[in-house]
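See below for model10.txt, which holds compact mmCIF, C-alpha atoms.
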# COMPACT_ATOMS: atom_id res chain seq x y z
CA MET A 1 2.23 31.27 14.94
CA ARG A 2 4.73 33.39 13.07
CA LYS A 3 7.25 35.00 15.36
CA ASP A 4 6.63 38.34 13.69
CA GLY A 5 2.98 37.99 12.68
CA PRO A 6 -0.56 36.99 13.62
CA LEU A 7 -1.79 33.68 14.97
CA LEU A 8 -2.17 31.22 12.11
CA LYS A 9 -4.83 28.59 11.70
CA ILE A 10 -2.99 25.37 10.96
CA PRO A 11 -4.57 22.89 8.54
CA ARG A 12 -4.65 19.27 9.61
CA HIS A 13 -3.85 18.29 6.03
CA ILE A 14 -2.27 20.46 3.36
CA ALA A 15 -1.92 19.34 -0.26
CA PHE A 16 0.53 20.69 -2.81
CA ILE A 17 0.33 20.70 -6.60
CA MET A 18 3.92 21.60 -7.36
CA ASP A 19 3.54 23.25 -10.72
CA GLY A 20 5.79 25.45 -12.85
CA ASN A 21 9.04 23.49 -12.90
CA GLY A 22 9.40 23.68 -16.67
CA ARG A 23 8.54 27.38 -16.78
CA TRP A 24 11.03 28.08 -14.00
CA ALA A 25 13.75 26.38 -16.04
CA LYS A 26 12.78 28.02 -19.34
CA ARG A 27 13.00 31.52 -17.84
CA ARG A 28 16.59 30.72 -16.88
CA GLY A 29 17.56 29.19 -20.21
CA LEU A 30 17.78 25.72 -18.64
CA PRO A 31 16.32 22.38 -19.77
CA ARG A 32 13.01 21.32 -18.19
CA SER A 33 14.85 18.58 -16.31
CA ALA A 34 16.72 21.27 -14.34
CA GLY A 35 13.37 22.55 -13.08
CA HIS A 36 12.32 19.08 -11.94
CA LYS A 37 15.66 18.57 -10.21
CA ARG A 38 15.32 21.86 -8.37
CA ALA A 39 11.73 20.98 -7.47
CA CYS A 40 12.81 17.74 -5.79
CA GLU A 41 15.59 19.58 -3.97
CA ARG A 42 12.94 21.95 -2.63
CA LEU A 43 10.96 19.19 -0.95
CA GLY A 44 13.12 18.97 2.16
CA GLU A 45 12.77 22.70 2.89
CA VAL A 46 9.00 22.62 2.43
CA PHE A 47 8.60 19.58 4.67
CA ASP A 48 10.86 21.16 7.29
CA ALA A 49 8.61 24.23 7.20
CA CYS A 50 5.46 22.12 7.54
CA LYS A 51 6.94 20.37 10.56
CA GLU A 52 8.09 23.65 12.14
CA LEU A 53 4.67 25.24 11.65
CA GLY A 54 2.89 22.27 13.19
CA ILE A 55 1.14 20.89 10.10
CA PRO A 56 0.58 17.18 10.81
CA CYS A 57 -0.04 15.92 7.26
CA ALA A 58 1.03 16.98 3.76
CA SER A 59 0.20 15.41 0.40
CA LEU A 60 2.33 16.07 -2.65
CA TYR A 61 1.29 15.60 -6.28
CA ALA A 62 4.59 14.23 -7.50
CA PHE A 63 3.49 12.49 -10.71
CA SER A 64 0.01 12.07 -12.14
CA THR A 65 -1.44 9.20 -14.16
CA GLU A 66 -1.50 11.63 -17.09
CA ASN A 67 2.18 12.56 -16.76
CA TRP A 68 3.17 9.35 -18.56
CA ASN A 69 2.26 11.24 -21.73
CA ARG A 70 5.34 13.43 -21.30
CA PRO A 71 8.56 12.69 -23.23
CA GLU A 72 10.18 9.45 -22.12
CA GLU A 73 13.49 11.09 -21.22
CA GLU A 74 11.77 13.71 -19.06
CA VAL A 75 9.87 11.01 -17.20
CA ARG A 76 13.05 8.99 -16.70
CA LEU A 77 14.92 11.94 -15.24
CA LEU A 78 12.03 12.94 -13.00
CA MET A 79 11.78 9.44 -11.58
CA GLY A 80 15.51 9.50 -10.99
CA TYR A 81 15.24 12.73 -9.01
CA LEU A 82 12.50 11.18 -6.87
CA VAL A 83 14.73 8.17 -6.21
CA ASP A 84 17.52 10.54 -5.18
CA PHE A 85 15.14 12.29 -2.78
CA CYS A 86 14.14 9.00 -1.16
CA GLU A 87 17.73 7.78 -0.85
CA LYS A 88 19.62 10.98 -0.04
CA GLU A 89 17.26 13.56 1.48
CA PHE A 90 14.59 11.47 3.15
CA PRO A 91 16.90 9.74 5.68
CA ARG A 92 17.42 13.15 7.34
CA LEU A 93 13.70 13.79 7.39
CA ARG A 94 13.09 10.32 8.80
CA LYS A 95 15.43 11.05 11.68
CA ASP A 96 13.34 14.17 12.36
CA GLY A 97 10.21 12.06 12.71
CA VAL A 98 8.75 12.35 9.21
CA ARG A 99 6.70 9.41 7.93
CA LEU A 100 6.35 8.70 4.21
CA LEU A 101 3.28 7.19 2.55
CA HIS A 102 2.58 6.45 -1.11
CA SER A 103 -0.72 6.95 -2.93
CA GLY A 104 -1.11 5.76 -6.49
CA ARG A 105 -0.58 2.85 -8.81
CA ARG A 106 2.43 0.59 -8.38
CA ASP A 107 2.26 -1.55 -11.51
CA ARG A 108 3.82 1.05 -13.84
CA LEU A 109 6.65 2.15 -11.55
CA SER A 110 10.10 0.72 -12.19
CA PRO A 111 11.72 -1.70 -9.70
CA GLU A 112 14.26 1.02 -8.83
CA VAL A 113 11.55 3.54 -7.97
CA LEU A 114 9.50 0.97 -6.03
CA SER A 115 12.54 -0.15 -4.07
CA ALA A 116 13.50 3.38 -3.00
CA LEU A 117 9.90 4.29 -2.23
CA ASP A 118 9.17 1.13 -0.25
CA LYS A 119 12.37 1.48 1.76
CA ALA A 120 11.46 5.05 2.73
CA VAL A 121 7.89 4.03 3.60
CA ASP A 122 8.89 0.97 5.65
CA SER A 123 11.73 2.68 7.51
CA SER A 124 9.52 5.54 8.66
CA LYS A 125 6.30 3.73 9.57
CA GLU A 126 6.69 4.42 13.30
CA ASN A 127 7.17 8.19 12.85
CA ASP A 128 4.43 10.71 13.53
CA SER A 129 5.81 14.26 13.61
CA LEU A 130 4.74 14.84 9.98
CA ILE A 131 3.05 12.47 7.55
CA VAL A 132 4.08 13.04 3.94
CA ASN A 133 1.80 11.39 1.40
CA VAL A 134 3.61 11.20 -1.94
CA CYS A 135 1.09 10.85 -4.77
CA LEU A 136 3.09 9.09 -7.47
CA ASP A 137 1.38 7.72 -10.59
CA TYR A 138 -1.75 9.06 -8.93
CA GLY A 139 -5.11 10.13 -10.32
CA GLY A 140 -8.16 11.13 -8.31
CA ARG A 141 -10.56 9.36 -10.67
CA GLU A 142 -8.35 6.27 -10.65
CA GLU A 143 -8.38 6.23 -6.83
CA ILE A 144 -12.19 6.41 -6.78
CA ALA A 145 -12.50 3.74 -9.51
CA GLU A 146 -10.13 1.44 -7.61
CA ALA A 147 -12.11 2.01 -4.40
CA ALA A 148 -15.29 1.07 -6.28
CA ARG A 149 -13.66 -2.10 -7.62
CA ARG A 150 -12.54 -3.10 -4.14
CA PHE A 151 -16.03 -2.51 -2.74
CA ALA A 152 -17.54 -4.52 -5.60
CA ARG A 153 -15.25 -7.44 -4.79
CA ASP A 154 -16.43 -7.33 -1.17
CA VAL A 155 -20.06 -7.25 -2.31
CA LYS A 156 -19.37 -10.32 -4.47
CA ALA A 157 -17.97 -11.96 -1.34
CA GLY A 158 -21.18 -11.26 0.57
CA LEU A 159 -21.10 -7.64 1.78
CA ASP A 160 -24.48 -5.89 1.74
CA PRO A 161 -24.32 -3.23 -1.03
CA GLU A 162 -26.77 -1.11 0.97
CA SER A 163 -24.06 -0.68 3.60
CA LEU A 164 -22.22 1.77 1.33
CA ASP A 165 -22.18 5.36 2.52
CA GLU A 166 -19.54 8.09 2.51
CA ARG A 167 -17.86 6.72 5.65
CA VAL A 168 -17.69 3.17 4.32
CA PHE A 169 -16.48 4.29 0.90
CA ARG A 170 -13.62 6.24 2.49
CA ASN A 171 -12.25 2.97 3.85
CA TYR A 172 -11.54 1.83 0.29
CA LEU A 173 -9.33 4.82 -0.58
CA TYR A 174 -5.53 4.59 -0.60
CA HIS A 175 -5.13 6.04 2.90
CA PRO A 176 -8.48 6.35 4.69
CA GLU A 177 -6.71 7.16 7.94
CA LEU A 178 -5.67 10.58 6.66
CA PRO A 179 -7.98 13.54 7.35
CA ASP A 180 -9.65 15.41 4.54
CA VAL A 181 -7.52 18.13 2.94
CA ASP A 182 -8.07 21.53 4.58
CA LEU A 183 -5.87 23.56 2.24
CA LEU A 184 -4.78 22.97 -1.34
CA VAL A 185 -1.82 25.00 -2.59
CA ARG A 186 -1.04 25.16 -6.30
CA THR A 187 1.99 27.05 -7.55
CA SER A 188 2.78 28.85 -10.85
CA GLY A 189 -0.55 30.66 -11.21
CA GLU A 190 -2.61 27.77 -12.59
CA GLU A 191 -6.08 27.53 -11.02
CA ARG A 192 -7.36 23.99 -11.36
CA ILE A 193 -7.08 20.76 -9.37
CA SER A 194 -6.00 18.47 -12.23
CA ASN A 195 -7.55 15.21 -11.01
CA PHE A 196 -5.91 15.46 -7.58
CA LEU A 197 -7.48 14.01 -4.40
CA LEU A 198 -11.03 14.49 -5.71
CA PHE A 199 -12.72 12.80 -2.75
CA GLU A 200 -10.45 14.34 -0.12
CA LEU A 201 -10.75 17.92 -1.45
CA ALA A 202 -14.52 18.15 -0.94
CA TYR A 203 -14.31 20.99 1.61
CA ALA A 204 -10.76 22.22 1.06
CA GLU A 205 -9.80 25.87 0.71
CA PHE A 206 -7.82 26.60 -2.46
CA TYR A 207 -4.78 28.87 -2.59
CA PHE A 208 -3.15 29.73 -5.91
CA THR A 209 0.17 31.53 -6.11
CA PRO A 210 2.16 32.74 -9.15
CA THR A 211 5.37 31.50 -7.50
CA CYS A 212 6.76 28.46 -9.31
CA TRP A 213 7.41 25.42 -7.16
CA PRO A 214 11.24 25.61 -7.38
CA ASP A 215 10.98 29.03 -5.64
CA PHE A 216 8.35 27.94 -3.09
CA GLY A 217 9.62 27.85 0.50
CA LYS A 218 8.72 28.68 4.07
CA LYS A 219 7.89 32.32 3.36
CA GLU A 220 5.44 31.36 0.61
CA LEU A 221 3.94 28.66 2.84
CA GLU A 222 3.35 31.20 5.58
CA LEU A 223 1.58 33.48 3.10
CA ALA A 224 -0.70 30.58 2.16
CA LEU A 225 -1.45 29.92 5.83
CA GLU A 226 -2.18 33.60 6.44
CA GLU A 227 -4.75 33.53 3.65
CA PHE A 228 -6.16 30.24 4.94
CA SER A 229 -6.51 31.82 8.40
CA ARG A 230 -8.71 34.56 6.94
CA ARG A 231 -11.14 32.10 5.38
CA ASP A 232 -14.49 31.48 7.07
CA ARG A 233 -15.05 27.75 6.80
CA ARG A 234 -18.71 26.97 7.54
CA PHE A 235 -19.05 23.47 6.05
CA GLY A 236 -22.62 24.17 4.92
CA ARG A 237 -23.66 25.98 8.08
CA ILE A 238 -24.75 29.61 8.26
CA ASP A 239 -23.52 32.32 10.61
CA GLY A 240 -25.52 33.08 13.73
In structure tokens, how does this file's structure come out?
Amino acid sequence: MRKDGPLLKIPRHIAFIMDGNGRWAKRRGLPRSAGHKRACERLGEVFDACKELGIPCASLYAFSTENWNRPEEEVRLLMGYLVDFCEKEFPRLRKDGVRLLHSGRRDRLSPEVLSALDKAVDSSKENDSLIVNVCLDYGGREEIAEAARRFARDVKAGLDPESLDERVFRNYLYHPELPDVDLLVRTSGEERISNFLLFELAYAEFYFTPTCWPDFGKKELELALEEFSRRDRRFGRIDG
């Protein structure tokens, strides 16, 4: 609940597409890399706000499988900012009970990125005040394809293919223990999901804001939750 506002419905799982970093920088006459740097610096504040508001799980679209098509220098700098977050900012969050998970491919990440990411994941595995799922080199279609490949290998090993249903398939995703996304927030005014958490977003509410991610903070998060609280989520049922 906001101290000065109405009771908020709190999503079990909120997902963020942190868009608009380049536009934020361009409006200020700065290079795109400055927007990405500011975006990574913003993560701690957003996660603090999630924890304070009682949100148990947050997923962050940090780098998509398609983002490798960006200029090499931009990718290098962005990965460096993510390493800095893991090494400099995350230790504070870990002490506050935040747990880090990774969703996405590992084979294309550099040893430096994998080392920082794995250290943050391993050092926080006992925490439970807020789960932060960092989607890095992630694609929703890739996650589903990989889940299908894993199931196919089990079928080849003797599993009955007729055993496959939605519940079973979920077990082959990156993190089947996480609840479905209740609320997706995308910044900068874009209104699409861009291959993000396709399976997990099946019944999510979408919230789009013109605010660019480098300016997104607790106030903007509360506005998203206020809108989410006004939504009537029926999951296929009808009123009455």
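Pairwise distance (CA of Cys57 (chain A), CA of Val98 (chain A)) equals 9.7 Å.
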### For CA of Pro111 (chain A) and CA of Val75 (chain A), the interatomic separation in Å (one decimal)
14.9 Å
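For His102 (chain A), the list of residues within 8 Å, based on only C-alpha atoms and with local chain neighbours fewer than 5 positions off taken out, reads Leu117, Val121, Asn133, Val134, Cys135 and Leu136 of chain A.
Proximity to Arg167 (chain A) was assessed for A:Asn21, A:Phe199, A:Ser64, A:Glu226 counting all atoms listed in the file; the smallest distance is recorded for A:Phe199.
From CA of Ala34 (chain A) back to CA of Leu77 (chain A), the distance works out to 9.5 Å.
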### Query
With all atoms listed in the file as the atoms that count, which of A:Ser163, A:Ala49, A:Arg231, A:Asp137 lies nearest to Leu114 (chain A)?
A:Asp137
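The closest residue to Asp118 (chain A), picked from A:Asp165, A:Glu222, A:Glu87, A:Glu66 and counting all atoms listed in the file, is A:Glu87.
If all atoms listed in the file are the atoms counted, then among A:Arg106, A:Arg186, A:Arg94, A:Lys156 the closest residue to Ala120 (chain A) is A:Arg94.
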### Best match for closeness to Asn127 (chain A) among A:Pro161, A:Gly140, A:Pro56, A:Gly20, counting only C-alpha atoms
A:Pro56
### Task
Determine, counting only C-alpha atoms, which protein, DNA and RNA residues have an atom within 8 Å of an atom of region 173-185 of chain A; residues of the same chain fewer than 5 positions away are not included. Present the result as a ChimeraX atom specification.
/A:11-17,57,103-104,143-144,146-147,200-209,224,228
Export, as a PDB file, keeping the file's coordinate frame, the selected residues with C-alpha atoms.
ATOM      1  CA  PRO A  11      -4.570  22.890   8.540  1.00  0.00           C
ATOM      2  CA  ARG A  12      -4.650  19.270   9.610  1.00  0.00           C
ATOM      3  CA  HIS A  13      -3.850  18.290   6.030  1.00  0.00           C
ATOM      4  CA  ILE A  14      -2.270  20.460   3.360  1.00  0.00           C
ATOM      5  CA  ALA A  15      -1.920  19.340  -0.260  1.00  0.00           C
ATOM      6  CA  PHE A  16       0.530  20.690  -2.810  1.00  0.00           C
ATOM      7  CA  ILE A  17       0.330  20.700  -6.600  1.00  0.00           C
ATOM      8  CA  CYS A  57      -0.040  15.920   7.260  1.00  0.00           C
ATOM      9  CA  SER A 103      -0.720   6.950  -2.930  1.00  0.00           C
ATOM     10  CA  GLY A 104      -1.110   5.760  -6.490  1.00  0.00           C
ATOM     11  CA  GLU A 143      -8.380   6.230  -6.830  1.00  0.00           C
ATOM     12  CA  ILE A 144     -12.190   6.410  -6.780  1.00  0.00           C
ATOM     13  CA  GLU A 146     -10.130   1.440  -7.610  1.00  0.00           C
ATOM     14  CA  ALA A 147     -12.110   2.010  -4.400  1.00  0.00           C
ATOM     15  CA  GLU A 200     -10.450  14.340  -0.120  1.00  0.00           C
ATOM     16  CA  LEU A 201     -10.750  17.920  -1.450  1.00  0.00           C
ATOM     17  CA  ALA A 202     -14.520  18.150  -0.940  1.00  0.00           C
ATOM     18  CA  TYR A 203     -14.310  20.990   1.610  1.00  0.00           C
ATOM     19  CA  ALA A 204     -10.760  22.220   1.060  1.00  0.00           C
ATOM     20  CA  GLU A 205      -9.800  25.870   0.710  1.00  0.00           C
ATOM     21  CA  PHE A 206      -7.820  26.600  -2.460  1.00  0.00           C
ATOM     22  CA  TYR A 207      -4.780  28.870  -2.590  1.00  0.00           C
ATOM     23  CA  PHE A 208      -3.150  29.730  -5.910  1.00  0.00           C
ATOM     24  CA  THR A 209       0.170  31.530  -6.110  1.00  0.00           C
ATOM     25  CA  ALA A 224      -0.700  30.580   2.160  1.00  0.00           C
ATOM     26  CA  PHE A 228      -6.160  30.240   4.940  1.00  0.00           C
TER      27      PHE A 228
END
### Task
Please provide the set of residues having any atom within 10 Å of Val46 (chain A), restricted to only C-alpha atoms, with same-chain residues fewer than 5 positions apart removed, written as a ChimeraX atom specification.
/A:41,51-52,58,216-221
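You can rank A:Gly22, A:Tyr138, A:Glu162, A:Asp107 by their closest distance to Ala62 (chain A) using all atoms listed in the file, and at the top of that list sits A:Tyr138.
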Using all atoms listed in the file, collect all residues at a distance of at most 9 Å from (-1.2, 28.2, 11.6) as written in the file, then present them as an mmCIF file with C-alpha atoms, keeping the file's coordinate frame.
data_model
loop_
_atom_site.group_PDB
_atom_site.id
_atom_site.type_symbol
_atom_site.label_atom_id
_atom_site.label_comp_id
_atom_site.auth_asym_id
_atom_site.auth_seq_id
_atom_site.Cartn_x
_atom_site.Cartn_y
_atom_site.Cartn_z
ATOM 1 C CA MET A 1 2.230 31.270 14.940
ATOM 2 C CA ARG A 2 4.730 33.390 13.070
ATOM 3 C CA LEU A 7 -1.790 33.680 14.970
ATOM 4 C CA LEU A 8 -2.170 31.220 12.110
ATOM 5 C CA LYS A 9 -4.830 28.590 11.700
ATOM 6 C CA ILE A 10 -2.990 25.370 10.960
ATOM 7 C CA PRO A 11 -4.570 22.890 8.540
ATOM 8 C CA LEU A 53 4.670 25.240 11.650
ATOM 9 C CA GLY A 54 2.890 22.270 13.190
ATOM 10 C CA ILE A 55 1.140 20.890 10.100
ATOM 11 C CA GLU A 222 3.350 31.200 5.580
ATOM 12 C CA LEU A 225 -1.450 29.920 5.830
ATOM 13 C CA GLU A 226 -2.180 33.600 6.440
ATOM 14 C CA PHE A 228 -6.160 30.240 4.940
ATOM 15 C CA SER A 229 -6.510 31.820 8.400
#
Subset file: region 183-195 of chain A, all heavy atoms, as an mmCIF file, in the first residue's frame:
data_model
loop_
_atom_site.group_PDB
_atom_site.id
_atom_site.type_symbol
_atom_site.label_atom_id
_atom_site.label_comp_id
_atom_site.auth_asym_id
_atom_site.auth_seq_id
_atom_site.Cartn_x
_atom_site.Cartn_y
_atom_site.Cartn_z
ATOM 1 N N LEU A 183 2.269 -8.910 -14.408
ATOM 2 C CA LEU A 183 2.320 -7.561 -14.963
ATOM 3 C C LEU A 183 3.596 -7.368 -15.764
ATOM 4 O O LEU A 183 4.696 -7.587 -15.256
ATOM 5 C CB LEU A 183 2.259 -6.521 -13.840
ATOM 6 C CG LEU A 183 2.415 -5.049 -14.253
ATOM 7 C CD1 LEU A 183 1.290 -4.619 -15.183
ATOM 8 C CD2 LEU A 183 2.462 -4.147 -13.017
ATOM 9 N N LEU A 184 3.428 -6.952 -17.022
ATOM 10 C CA LEU A 184 4.559 -6.584 -17.863
ATOM 11 C C LEU A 184 4.598 -5.069 -17.994
ATOM 12 O O LEU A 184 3.595 -4.446 -18.352
ATOM 13 C CB LEU A 184 4.414 -7.204 -19.255
ATOM 14 C CG LEU A 184 5.427 -6.695 -20.296
ATOM 15 C CD1 LEU A 184 6.818 -7.231 -20.003
ATOM 16 C CD2 LEU A 184 4.995 -7.068 -21.715
ATOM 17 N N VAL A 185 5.740 -4.482 -17.715
ATOM 18 C CA VAL A 185 5.942 -3.043 -17.848
ATOM 19 C C VAL A 185 6.969 -2.801 -18.947
ATOM 20 O O VAL A 185 8.079 -3.344 -18.894
ATOM 21 C CB VAL A 185 6.438 -2.418 -16.527
ATOM 22 C CG1 VAL A 185 6.761 -0.935 -16.728
ATOM 23 C CG2 VAL A 185 5.408 -2.595 -15.420
ATOM 24 N N ARG A 186 6.577 -2.009 -19.949
ATOM 25 C CA ARG A 186 7.544 -1.603 -20.971
ATOM 26 C C ARG A 186 7.621 -0.089 -21.001
ATOM 27 O O ARG A 186 6.610 0.599 -21.052
ATOM 28 C CB ARG A 186 7.151 -2.117 -22.357
ATOM 29 C CG ARG A 186 8.194 -1.713 -23.410
ATOM 30 C CD ARG A 186 8.053 -2.467 -24.701
ATOM 31 N NE ARG A 186 9.210 -2.178 -25.571
ATOM 32 C CZ ARG A 186 9.614 -2.941 -26.557
ATOM 33 N NH1 ARG A 186 8.974 -4.072 -26.827
ATOM 34 N NH2 ARG A 186 10.663 -2.611 -27.290
ATOM 35 N N THR A 187 8.839 0.410 -20.965
ATOM 36 C CA THR A 187 9.061 1.857 -20.936
ATOM 37 C C THR A 187 9.267 2.406 -22.342
ATOM 38 O O THR A 187 9.402 1.673 -23.316
ATOM 39 C CB THR A 187 10.292 2.181 -20.072
ATOM 40 O OG1 THR A 187 11.437 1.454 -20.575
ATOM 41 C CG2 THR A 187 10.054 1.777 -18.618
ATOM 42 N N SER A 188 9.262 3.720 -22.445
ATOM 43 C CA SER A 188 9.582 4.528 -23.646
ATOM 44 C C SER A 188 8.467 4.611 -24.674
ATOM 45 O O SER A 188 8.664 5.153 -25.751
ATOM 46 C CB SER A 188 10.866 4.042 -24.330
ATOM 47 O OG SER A 188 10.614 2.998 -25.251
ATOM 48 N N GLY A 189 7.264 4.096 -24.340
ATOM 49 C CA GLY A 189 6.130 4.264 -25.229
ATOM 50 C C GLY A 189 5.939 3.170 -26.259
ATOM 51 O O GLY A 189 4.922 3.149 -26.962
ATOM 52 N N GLU A 190 6.882 2.251 -26.395
ATOM 53 C CA GLU A 190 6.708 1.149 -27.339
ATOM 54 C C GLU A 190 5.667 0.176 -26.776
ATOM 55 O O GLU A 190 5.594 -0.045 -25.571
ATOM 56 C CB GLU A 190 8.035 0.421 -27.574
ATOM 57 C CG GLU A 190 9.149 1.309 -28.104
ATOM 58 C CD GLU A 190 8.876 1.807 -29.513
ATOM 59 O OE1 GLU A 190 7.974 1.268 -30.179
ATOM 60 O OE2 GLU A 190 9.560 2.745 -29.951
ATOM 61 N N GLU A 191 4.877 -0.430 -27.662
ATOM 62 C CA GLU A 191 3.783 -1.296 -27.226
ATOM 63 C C GLU A 191 3.847 -2.647 -27.927
ATOM 64 O O GLU A 191 3.005 -2.998 -28.746
ATOM 65 C CB GLU A 191 2.430 -0.606 -27.454
ATOM 66 C CG GLU A 191 2.286 0.685 -26.670
ATOM 67 C CD GLU A 191 0.910 1.306 -26.793
ATOM 68 O OE1 GLU A 191 0.043 0.714 -27.492
ATOM 69 O OE2 GLU A 191 0.688 2.385 -26.213
ATOM 70 N N ARG A 192 4.867 -3.399 -27.585
ATOM 71 C CA ARG A 192 5.027 -4.760 -28.091
ATOM 72 C C ARG A 192 5.860 -5.538 -27.076
ATOM 73 O O ARG A 192 6.514 -4.956 -26.222
ATOM 74 C CB ARG A 192 5.685 -4.772 -29.468
ATOM 75 C CG ARG A 192 7.027 -4.046 -29.515
ATOM 76 C CD ARG A 192 7.600 -4.013 -30.932
ATOM 77 N NE ARG A 192 8.864 -3.294 -30.979
ATOM 78 C CZ ARG A 192 8.962 -1.977 -31.160
ATOM 79 N NH1 ARG A 192 7.873 -1.244 -31.313
ATOM 80 N NH2 ARG A 192 10.145 -1.393 -31.189
ATOM 81 N N ILE A 193 5.857 -6.875 -27.191
ATOM 82 C CA ILE A 193 6.554 -7.689 -26.190
ATOM 83 C C ILE A 193 7.915 -8.173 -26.663
ATOM 84 O O ILE A 193 8.704 -8.680 -25.863
ATOM 85 C CB ILE A 193 5.697 -8.881 -25.726
ATOM 86 C CG1 ILE A 193 5.341 -9.807 -26.888
ATOM 87 C CG2 ILE A 193 4.436 -8.382 -25.042
ATOM 88 C CD1 ILE A 193 4.602 -11.057 -26.443
ATOM 89 N N SER A 194 8.216 -8.045 -27.949
ATOM 90 C CA SER A 194 9.576 -8.261 -28.465
ATOM 91 C C SER A 194 10.194 -9.595 -28.043
ATOM 92 O O SER A 194 11.331 -9.635 -27.565
ATOM 93 C CB SER A 194 10.489 -7.100 -28.041
ATOM 94 O OG SER A 194 10.020 -5.885 -28.589
ATOM 95 N N ASN A 195 9.434 -10.677 -28.203
ATOM 96 C CA ASN A 195 9.982 -12.017 -27.986
ATOM 97 C C ASN A 195 10.414 -12.244 -26.533
ATOM 98 O O ASN A 195 11.379 -12.955 -26.265
ATOM 99 C CB ASN A 195 11.176 -12.253 -28.937
ATOM 100 C CG ASN A 195 11.557 -13.713 -29.067
ATOM 101 O OD1 ASN A 195 10.752 -14.605 -28.811
ATOM 102 N ND2 ASN A 195 12.801 -13.966 -29.443
#
